[in-house]
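Undergrad: Enclosed is the structure file final26.cif (mmCIF, C-alpha atoms).
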```
data_protein
loop_
_atom_site.group_PDB
_atom_site.id
_atom_site.type_symbol
_atom_site.label_atom_id
_atom_site.label_comp_id
_atom_site.auth_asym_id
_atom_site.auth_seq_id
_atom_site.Cartn_x
_atom_site.Cartn_y
_atom_site.Cartn_z
ATOM 1 C CA MET L 1 -2.820 -18.675 29.411
ATOM 2 C CA LYS L 2 -3.245 -15.920 31.996
ATOM 3 C CA ASN L 3 -1.550 -12.552 31.643
ATOM 4 C CA ARG L 4 -1.068 -9.259 33.483
ATOM 5 C CA LEU L 5 -1.293 -7.087 30.412
ATOM 6 C CA LYS L 6 -4.343 -5.139 31.552
ATOM 7 C CA VAL L 7 -2.803 -4.402 34.966
ATOM 8 C CA LEU L 8 0.548 -3.369 33.499
ATOM 9 C CA ARG L 9 -1.202 -1.146 30.985
ATOM 10 C CA ALA L 10 -3.384 0.439 33.665
ATOM 11 C CA GLU L 11 -0.318 1.124 35.858
ATOM 12 C CA ARG L 12 1.098 3.209 33.025
ATOM 13 C CA ASP L 13 -2.245 4.793 32.189
ATOM 14 C CA TRP L 14 -2.084 3.487 28.633
ATOM 15 C CA THR L 15 -5.124 2.754 26.507
ATOM 16 C CA GLN L 16 -5.405 -0.433 24.461
ATOM 17 C CA ALA L 17 -4.763 1.692 21.388
ATOM 18 C CA ASP L 18 -1.543 3.064 22.936
ATOM 19 C CA LEU L 19 -0.290 -0.438 23.679
ATOM 20 C CA ALA L 20 -1.356 -1.691 20.243
ATOM 21 C CA ASN L 21 0.575 1.132 18.620
ATOM 22 C CA ALA L 22 3.659 0.445 20.726
ATOM 23 C CA LEU L 23 3.593 -3.258 19.839
ATOM 24 C CA ASP L 24 2.656 -2.613 16.193
ATOM 25 C CA VAL L 25 -0.515 -4.705 16.307
ATOM 26 C CA SER L 26 -4.246 -3.933 16.150
ATOM 27 C CA ARG L 27 -6.249 -2.836 19.197
ATOM 28 C CA GLN L 28 -8.423 -5.885 18.648
ATOM 29 C CA THR L 29 -5.380 -8.110 19.213
ATOM 30 C CA ILE L 30 -4.548 -6.397 22.516
ATOM 31 C CA ASN L 31 -8.134 -6.821 23.660
ATOM 32 C CA ALA L 32 -8.181 -10.505 22.646
ATOM 33 C CA ILE L 33 -4.937 -11.154 24.565
ATOM 34 C CA GLU L 34 -6.147 -9.285 27.660
ATOM 35 C CA THR L 35 -9.408 -11.203 27.738
ATOM 36 C CA GLY L 36 -7.634 -14.528 27.233
ATOM 37 C CA LYS L 37 -9.289 -15.233 23.888
ATOM 38 C CA PHE L 38 -5.972 -15.280 22.049
ATOM 39 C CA ASP L 39 -2.449 -16.302 23.052
ATOM 40 C CA PRO L 40 0.336 -14.218 21.509
ATOM 41 C CA SER L 41 3.181 -15.742 19.525
ATOM 42 C CA LEU L 42 6.633 -15.944 21.097
ATOM 43 C CA PRO L 43 7.953 -12.919 19.121
ATOM 44 C CA LEU L 44 5.005 -10.794 20.280
ATOM 45 C CA ALA L 45 5.431 -12.011 23.857
ATOM 46 C CA PHE L 46 9.119 -11.011 23.702
ATOM 47 C CA ARG L 47 8.230 -7.567 22.285
ATOM 48 C CA THR L 48 5.701 -7.123 25.100
ATOM 49 C CA ALA L 49 8.255 -8.135 27.726
ATOM 50 C CA ARG L 50 10.825 -5.717 26.268
ATOM 51 C CA LEU L 51 8.288 -2.892 26.261
ATOM 52 C CA PHE L 52 7.453 -3.382 29.943
ATOM 53 C CA ALA L 53 11.080 -4.212 30.845
ATOM 54 C CA LEU L 54 9.959 -7.484 32.418
ATOM 55 C CA ARG L 55 10.568 -11.168 31.797
ATOM 56 C CA ILE L 56 7.975 -13.025 29.732
ATOM 57 C CA GLU L 57 6.917 -15.190 32.691
ATOM 58 C CA GLU L 58 6.276 -12.051 34.728
ATOM 59 C CA ILE L 59 3.601 -11.098 32.202
ATOM 60 C CA PHE L 60 2.291 -14.433 30.915
ATOM 61 C CA GLN L 61 1.564 -17.435 33.135
ATOM 62 C CA ASP L 62 0.572 -20.905 32.055
ATOM 63 C CA GLU L 63 -2.744 -21.930 33.634
ATOM 64 C CA MET Y 64 3.329 7.082 25.868
ATOM 65 C CA SER Y 65 4.655 8.770 22.739
ATOM 66 C CA GLN Y 66 8.186 7.477 23.380
ATOM 67 C CA THR Y 67 6.930 3.904 23.029
ATOM 68 C CA LYS Y 68 5.340 4.453 19.659
ATOM 69 C CA GLN Y 69 7.125 2.877 16.726
ATOM 70 C CA SER Y 70 5.453 5.216 14.261
ATOM 71 C CA ASP Y 71 2.335 7.370 14.240
ATOM 72 C CA GLY Y 72 -0.611 5.078 13.538
ATOM 73 C CA GLY Y 73 1.847 2.689 11.883
ATOM 74 C CA TYR Y 74 -0.059 -0.576 11.874
ATOM 75 C CA GLN Y 75 -3.492 0.808 10.977
ATOM 76 C CA THR Y 76 -2.091 3.074 8.264
ATOM 77 C CA ARG Y 77 -0.086 0.249 6.680
ATOM 78 C CA VAL Y 78 -3.055 -2.126 6.696
ATOM 79 C CA ARG Y 79 -5.375 0.556 5.293
ATOM 80 C CA THR Y 80 -2.963 1.157 2.388
ATOM 81 C CA LYS Y 81 -2.809 -2.559 1.601
ATOM 82 C CA VAL Y 82 -6.601 -2.930 1.870
ATOM 83 C CA THR Y 83 -7.035 -0.093 -0.634
ATOM 84 C CA ARG Y 84 -4.555 -1.723 -3.016
ATOM 85 C CA LEU Y 85 -6.278 -5.109 -2.641
ATOM 86 C CA PHE Y 86 -9.677 -3.490 -3.239
ATOM 87 C CA LEU Y 87 -8.394 -1.886 -6.469
ATOM 88 C CA TRP Y 88 -6.930 -5.194 -7.687
ATOM 89 C CA ASN Y 89 -10.221 -6.963 -6.891
ATOM 90 C CA GLY Y 90 -12.127 -4.330 -8.863
ATOM 91 C CA ALA Y 91 -9.711 -4.640 -11.794
ATOM 92 C CA TRP Y 92 -10.111 -8.426 -11.774
ATOM 93 C CA GLY Y 93 -13.908 -8.047 -11.758
ATOM 94 C CA VAL Y 94 -13.707 -5.751 -14.796
ATOM 95 C CA ALA Y 95 -11.257 -8.094 -16.590
ATOM 96 C CA THR Y 96 -13.503 -11.091 -15.870
ATOM 97 C CA ALA Y 97 -16.592 -9.242 -17.135
ATOM 98 C CA LEU Y 98 -14.655 -8.276 -20.277
ATOM 99 C CA MET Y 99 -13.643 -11.902 -20.818
ATOM 100 C CA ALA Y 100 -17.196 -13.171 -20.201
ATOM 101 C CA PHE Y 101 -19.213 -10.610 -22.170
ATOM 102 C CA GLY Y 102 -16.647 -9.192 -24.619
ATOM 103 C CA PRO Y 103 -16.898 -11.991 -27.217
ATOM 104 C CA LYS Y 104 -20.663 -11.488 -27.565
ATOM 105 C CA PHE Y 105 -21.076 -7.743 -27.128
ATOM 106 C CA LEU Y 106 -17.753 -6.131 -28.090
ATOM 107 C CA TRP Y 107 -15.751 -8.114 -30.664
ATOM 108 C CA ASP Y 108 -18.157 -10.585 -32.275
ATOM 109 C CA HIS Y 109 -16.404 -13.765 -31.082
ATOM 110 C CA SER Y 110 -13.017 -12.850 -32.555
ATOM 111 C CA LEU Y 111 -10.618 -15.550 -31.304
ATOM 112 C CA ALA Y 112 -7.643 -13.185 -31.045
ATOM 113 C CA PHE Y 113 -9.517 -10.676 -28.871
ATOM 114 C CA THR Y 114 -10.965 -13.455 -26.725
ATOM 115 C CA LEU Y 115 -7.508 -14.947 -26.100
ATOM 116 C CA LEU Y 116 -6.236 -11.462 -25.286
ATOM 117 C CA ALA Y 117 -9.076 -10.995 -22.785
ATOM 118 C CA VAL Y 118 -8.334 -14.390 -21.191
ATOM 119 C CA GLY Y 119 -4.637 -13.460 -20.918
ATOM 120 C CA LEU Y 120 -5.552 -10.104 -19.376
ATOM 121 C CA ASP Y 121 -7.889 -11.791 -16.878
ATOM 122 C CA VAL Y 122 -5.198 -14.273 -15.801
ATOM 123 C CA ALA Y 123 -2.568 -11.512 -15.525
ATOM 124 C CA VAL Y 124 -4.818 -9.286 -13.410
ATOM 125 C CA GLY Y 125 -5.776 -12.366 -11.352
ATOM 126 C CA VAL Y 126 -2.103 -12.995 -10.576
ATOM 127 C CA GLY Y 127 -1.754 -9.338 -9.572
ATOM 128 C CA MET Y 128 -4.764 -9.712 -7.269
ATOM 129 C CA LEU Y 129 -3.255 -12.822 -5.658
ATOM 130 C CA ARG Y 130 0.018 -10.951 -5.099
ATOM 131 C CA ALA Y 131 -1.854 -8.000 -3.547
ATOM 132 C CA ASN Y 132 -3.674 -10.448 -1.255
ATOM 133 C CA LYS Y 133 -0.389 -12.063 -0.225
ATOM 134 C CA ILE Y 134 1.111 -8.651 0.584
ATOM 135 C CA TYR Y 135 -2.043 -7.719 2.525
ATOM 136 C CA LEU Y 136 -1.881 -10.937 4.588
ATOM 137 C CA ALA Y 137 1.808 -10.389 5.323
ATOM 138 C CA GLN Y 138 0.979 -6.926 6.663
ATOM 139 C CA LEU Y 139 -1.639 -8.154 9.149
ATOM 140 C CA ASP Y 140 -0.828 -8.901 12.772
ATOM 141 C CA GLU Y 141 -1.052 -12.492 13.999
ATOM 142 C CA LEU Y 142 -4.666 -12.369 15.211
ATOM 143 C CA GLN Y 143 -5.982 -10.715 12.051
ATOM 144 C CA ARG Y 144 -4.052 -13.241 9.980
ATOM 145 C CA LYS Y 145 -5.538 -16.090 12.017
ATOM 146 C CA VAL Y 146 -9.049 -14.771 11.323
ATOM 147 C CA GLN Y 147 -8.267 -14.539 7.593
ATOM 148 C CA PHE Y 148 -6.722 -18.025 7.422
ATOM 149 C CA ASN Y 149 -9.644 -19.570 9.336
ATOM 150 C CA SER Y 150 -12.068 -17.913 6.924
ATOM 151 C CA MET Y 151 -10.090 -19.144 3.912
ATOM 152 C CA GLY Y 152 -9.924 -22.695 5.268
ATOM 153 C CA ILE Y 153 -13.659 -22.885 5.940
ATOM 154 C CA THR Y 154 -14.434 -21.291 2.560
ATOM 155 C CA LEU Y 155 -12.283 -23.869 0.768
ATOM 156 C CA GLY Y 156 -13.983 -26.683 2.668
ATOM 157 C CA VAL Y 157 -17.477 -25.388 1.964
ATOM 158 C CA GLY Y 158 -16.557 -24.929 -1.707
ATOM 159 C CA LEU Y 159 -15.441 -28.558 -1.963
ATOM 160 C CA ILE Y 160 -18.258 -30.020 0.124
ATOM 161 C CA ALA Y 161 -20.947 -28.135 -1.804
ATOM 162 C CA GLY Y 162 -19.276 -27.992 -5.213
ATOM 163 C CA VAL Y 163 -18.504 -31.659 -5.856
ATOM 164 C CA PRO Y 164 -21.974 -33.106 -4.990
ATOM 165 C CA ILE Y 165 -23.809 -30.397 -6.953
ATOM 166 C CA SER Y 166 -21.526 -31.020 -9.935
ATOM 167 C CA VAL Y 167 -22.216 -34.787 -9.731
ATOM 168 C CA MET Y 168 -25.971 -34.220 -9.368
ATOM 169 C CA ASP Y 169 -25.873 -31.901 -12.379
ATOM 170 C CA ALA Y 170 -24.004 -34.529 -14.419
ATOM 171 C CA TYR Y 171 -26.707 -37.110 -13.633
ATOM 172 C CA HIS Y 172 -29.543 -34.560 -14.085
ATOM 173 C CA PHE Y 173 -30.718 -34.871 -10.475
ATOM 174 C CA ILE Y 174 -31.148 -31.098 -10.192
ATOM 175 C CA PRO Y 175 -33.454 -28.996 -12.383
ATOM 176 C CA PHE Y 176 -30.814 -26.314 -13.118
ATOM 177 C CA HIS Y 177 -27.305 -26.151 -14.555
ATOM 178 C CA ALA Y 178 -24.618 -26.082 -11.818
ATOM 179 C CA ASP Y 179 -22.993 -22.876 -13.000
ATOM 180 C CA ILE Y 180 -19.588 -21.907 -11.532
ATOM 181 C CA GLY Y 181 -21.172 -18.569 -10.581
ATOM 182 C CA TYR Y 182 -23.261 -20.256 -7.865
ATOM 183 C CA LEU Y 183 -20.118 -21.674 -6.322
ATOM 184 C CA LEU Y 184 -18.423 -18.269 -6.424
ATOM 185 C CA ILE Y 185 -21.403 -16.679 -4.674
ATOM 186 C CA LEU Y 186 -21.493 -19.433 -2.020
ATOM 187 C CA MET Y 187 -17.739 -19.087 -1.377
ATOM 188 C CA SER Y 188 -17.958 -15.282 -1.211
ATOM 189 C CA VAL Y 189 -20.844 -15.387 1.271
ATOM 190 C CA THR Y 190 -19.049 -18.051 3.372
ATOM 191 C CA PHE Y 191 -15.829 -16.030 3.460
ATOM 192 C CA ALA Y 192 -17.638 -12.816 4.414
ATOM 193 C CA ALA Y 193 -19.644 -14.601 7.153
ATOM 194 C CA CYS Y 194 -16.509 -16.254 8.602
ATOM 195 C CA ASN Y 195 -14.670 -12.932 8.579
ATOM 196 C CA LEU Y 196 -17.535 -11.188 10.359
ATOM 197 C CA TYR Y 197 -17.729 -13.971 12.929
ATOM 198 C CA GLY Y 198 -13.946 -13.860 13.522
ATOM 199 C CA THR Y 199 -14.004 -10.094 13.939
ATOM 200 C CA TRP Y 200 -16.951 -10.330 16.342
ATOM 201 C CA ARG Y 201 -15.376 -13.189 18.324
ATOM 202 C CA TYR Y 202 -12.139 -11.327 19.035
ATOM 203 C CA ARG Y 203 -13.555 -7.804 19.145
#
```
Just give me the structure of the file as structure tokens.
TA:
Amino acid sequence: MKNRLKVLRAERDWTQADLANALDVSRQTINAIETGKFDPSLPLAFRTARLFALRIEEIFQDE
Amino acid sequence: MSQTKQSDGGYQTRVRTKVTRLFLWNGAWGVATALMAFGPKFLWDHSLAFTLLAVGLDVAVGVGMLRANKIYLAQLDELQRKVQFNSMGITLGVGLIAGVPISVMDAYHFIPFHADIGYLLILMSVTFAACNLYGTWRYR
């Protein structure tokens, strides 16, 4: 699954640690999602979408 | 970014607290197990009452350790939990795959040493640690 997490984070000038803190997960998890090594659960995808005020499919795209 | 924070260092702080608690329970279980194993010989001269007390203590502390582990796992985020569960699954598999044949070979005297449970514990500990390290490295 592809995602725009890194771009969205960069647009806001947030570090991975900032985003991890906002989503209440570890920095390692943010890195794994950004690099496509790990797909988030639906609840985490919803939290991410809420944080960026976007729809889930605007952040995560099926390959 | 501060307005998006749920709490200052929330996740890391929570996990660190649970890790400390789990570490203490693990230590307590180690002490209780050592007491149960060596107490009869070195401390109370094989008194049945004291030995049963030590066994009860070991089981009780073991249950506490399991509960601390469950709380720790519940506190982890989904990736960290996945790494832990993968490690546990592989450790269980390795324990079964190695444990049963060695036990059978010991029963039929195919190996020159006694298949002590301690060897299995060491193998499972090393497997779990290696899997955890690999999982952490893989998703770093």
Undergrad: Kindly determine which residues of chain L lie within 6 Å of chain Y, considering all atoms listed in the file, and give the answer as a PyMOL selection string.
TA: chain L and resi 21-22+24-25+28-29+32
Undergrad: Separation of atom CA of Y:Phe173 and atom CA of Y:Gly152, in Å?
TA: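 Distance between the two atoms: 28.8 Å.
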Undergrad: Expand the PyMOL selection byres ((chain L and resi 3-17) around 9) into the explicit residue set it covers here, and present it as a PyMOL selection string.
TA: (chain L and resi 1-2+18-22+26-28+30-31+33-36+48+52+57-62) or (chain Y and resi 64)
Undergrad: Mind giving me the straight-line distance from atom CA of Y:Gly90 to atom CA of Y:Asp121 in Å, one decimal?
TA: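 Atom-to-atom, atom CA of Y:Gly90 to atom CA of Y:Asp121, that is 11.7 Å.
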Undergrad: Please expand the PyMOL selection byres ((chain Y and resi 187-193) around 12) into the concrete residues it hits in this file, giving the result as a PyMOL selection string.
TA: chain Y and resi 146-162+180-186+194-200
Undergrad: I'd like the box whose edges run along x, y and z of the file and which contains every listed atom of stretch 44-57 of chain L, padded by 8 Å per side; could you state its centre and edge lengths in Å, one decimal, as lines of an AutoDock Vina configuration file?
TA:
```
center_x = 8.0
center_y = -9.0
center_z = 26.5
size_x = 22.1
size_y = 28.3
size_z = 28.4
```
Undergrad: Expand the PyMOL selection byres ((chain L and resi 46) around 12) into the individual residues it matches in the shown file, reporting them as a list in words.
TA: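 So the PyMOL selection byres ((chain L and resi 46) around 12), applied here, picks out Leu23, Pro40, Ser41, Leu42, Pro43, Leu44, Ala45, Arg47, Thr48, Ala49, Arg50, Leu51, Phe52, Ala53, Leu54, Arg55, Ile56, Glu57, Glu58, Ile59 and Phe60 of chain L.
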Undergrad: Find the distance between atom CA of Y:Val126 and atom CA of Y:Lys81 and write it in Å to one decimal.
TA: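 Going from atom CA of Y:Val126 over to atom CA of Y:Lys81, I get 16.1 Å.
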Undergrad: Quick one: residues within 12 Å of Y:Phe113, all atoms listed in the file counted, chain neighbours fewer than 6 positions away excluded, as a list in words?
TA: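 Non-adjacent residues within range: Leu98, Met99, Ala100, Phe101, Gly102, Pro103, Lys104, Leu106, Trp107, Gly119 and Leu120 of chain Y.
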Undergrad: Which residue, Y:Met128, Y:Arg79, Y:Ala112, Y:Ser166, has the smallest gap to Y:Gly93 when you use all atoms listed in the file?
TA: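 Going through Y:Met128, Y:Arg79, Y:Ala112, Y:Ser166 one by one, the smallest distance to Y:Gly93 is for Y:Met128.
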Undergrad: Could you write stretch 98-111 of chain Y as an mmCIF file, in the coordinates of the input, with N, CA and C atoms rebuilt where they are missing?
TA:
```
data_model
loop_
_atom_site.group_PDB
_atom_site.id
_atom_site.type_symbol
_atom_site.label_atom_id
_atom_site.label_comp_id
_atom_site.auth_asym_id
_atom_site.auth_seq_id
_atom_site.Cartn_x
_atom_site.Cartn_y
_atom_site.Cartn_z
ATOM 1 N N LEU Y 98 -15.092 -8.471 -18.891
ATOM 2 C CA LEU Y 98 -14.655 -8.276 -20.277
ATOM 3 C C LEU Y 98 -14.483 -9.627 -20.975
ATOM 4 N N MET Y 99 -13.875 -10.569 -20.253
ATOM 5 C CA MET Y 99 -13.643 -11.902 -20.818
ATOM 6 C C MET Y 99 -14.978 -12.638 -21.053
ATOM 7 N N ALA Y 100 -15.925 -12.438 -20.115
ATOM 8 C CA ALA Y 100 -17.196 -13.171 -20.201
ATOM 9 C C ALA Y 100 -18.143 -12.576 -21.256
ATOM 10 N N PHE Y 101 -18.216 -11.242 -21.293
ATOM 11 C CA PHE Y 101 -19.213 -10.610 -22.170
ATOM 12 C C PHE Y 101 -18.629 -10.011 -23.446
ATOM 13 N N GLY Y 102 -17.307 -9.790 -23.456
ATOM 14 C CA GLY Y 102 -16.647 -9.192 -24.619
ATOM 15 C C GLY Y 102 -16.896 -9.932 -25.923
ATOM 16 N N PRO Y 103 -16.721 -11.264 -25.960
ATOM 17 C CA PRO Y 103 -16.898 -11.991 -27.217
ATOM 18 C C PRO Y 103 -18.275 -11.754 -27.855
ATOM 19 N N LYS Y 104 -19.304 -11.646 -27.035
ATOM 20 C CA LYS Y 104 -20.663 -11.488 -27.565
ATOM 21 C C LYS Y 104 -21.000 -10.031 -27.891
ATOM 22 N N PHE Y 105 -20.605 -9.118 -26.981
ATOM 23 C CA PHE Y 105 -21.076 -7.743 -27.128
ATOM 24 C C PHE Y 105 -20.045 -6.774 -27.706
ATOM 25 N N LEU Y 106 -18.755 -7.116 -27.674
ATOM 26 C CA LEU Y 106 -17.753 -6.131 -28.090
ATOM 27 C C LEU Y 106 -16.990 -6.514 -29.356
ATOM 28 N N TRP Y 107 -16.601 -7.787 -29.510
ATOM 29 C CA TRP Y 107 -15.751 -8.114 -30.664
ATOM 30 C C TRP Y 107 -16.246 -9.325 -31.466
ATOM 31 N N ASP Y 108 -17.502 -9.587 -31.412
ATOM 32 C CA ASP Y 108 -18.157 -10.585 -32.275
ATOM 33 C C ASP Y 108 -17.388 -11.908 -32.358
ATOM 34 N N HIS Y 109 -17.038 -12.443 -31.202
ATOM 35 C CA HIS Y 109 -16.404 -13.765 -31.082
ATOM 36 C C HIS Y 109 -15.060 -13.896 -31.802
ATOM 37 N N SER Y 110 -14.356 -12.780 -31.950
ATOM 38 C CA SER Y 110 -13.017 -12.850 -32.555
ATOM 39 C C SER Y 110 -12.096 -13.621 -31.616
ATOM 40 N N LEU Y 111 -11.447 -14.669 -32.138
ATOM 41 C CA LEU Y 111 -10.618 -15.550 -31.304
ATOM 42 C C LEU Y 111 -9.433 -14.785 -30.703
#
```
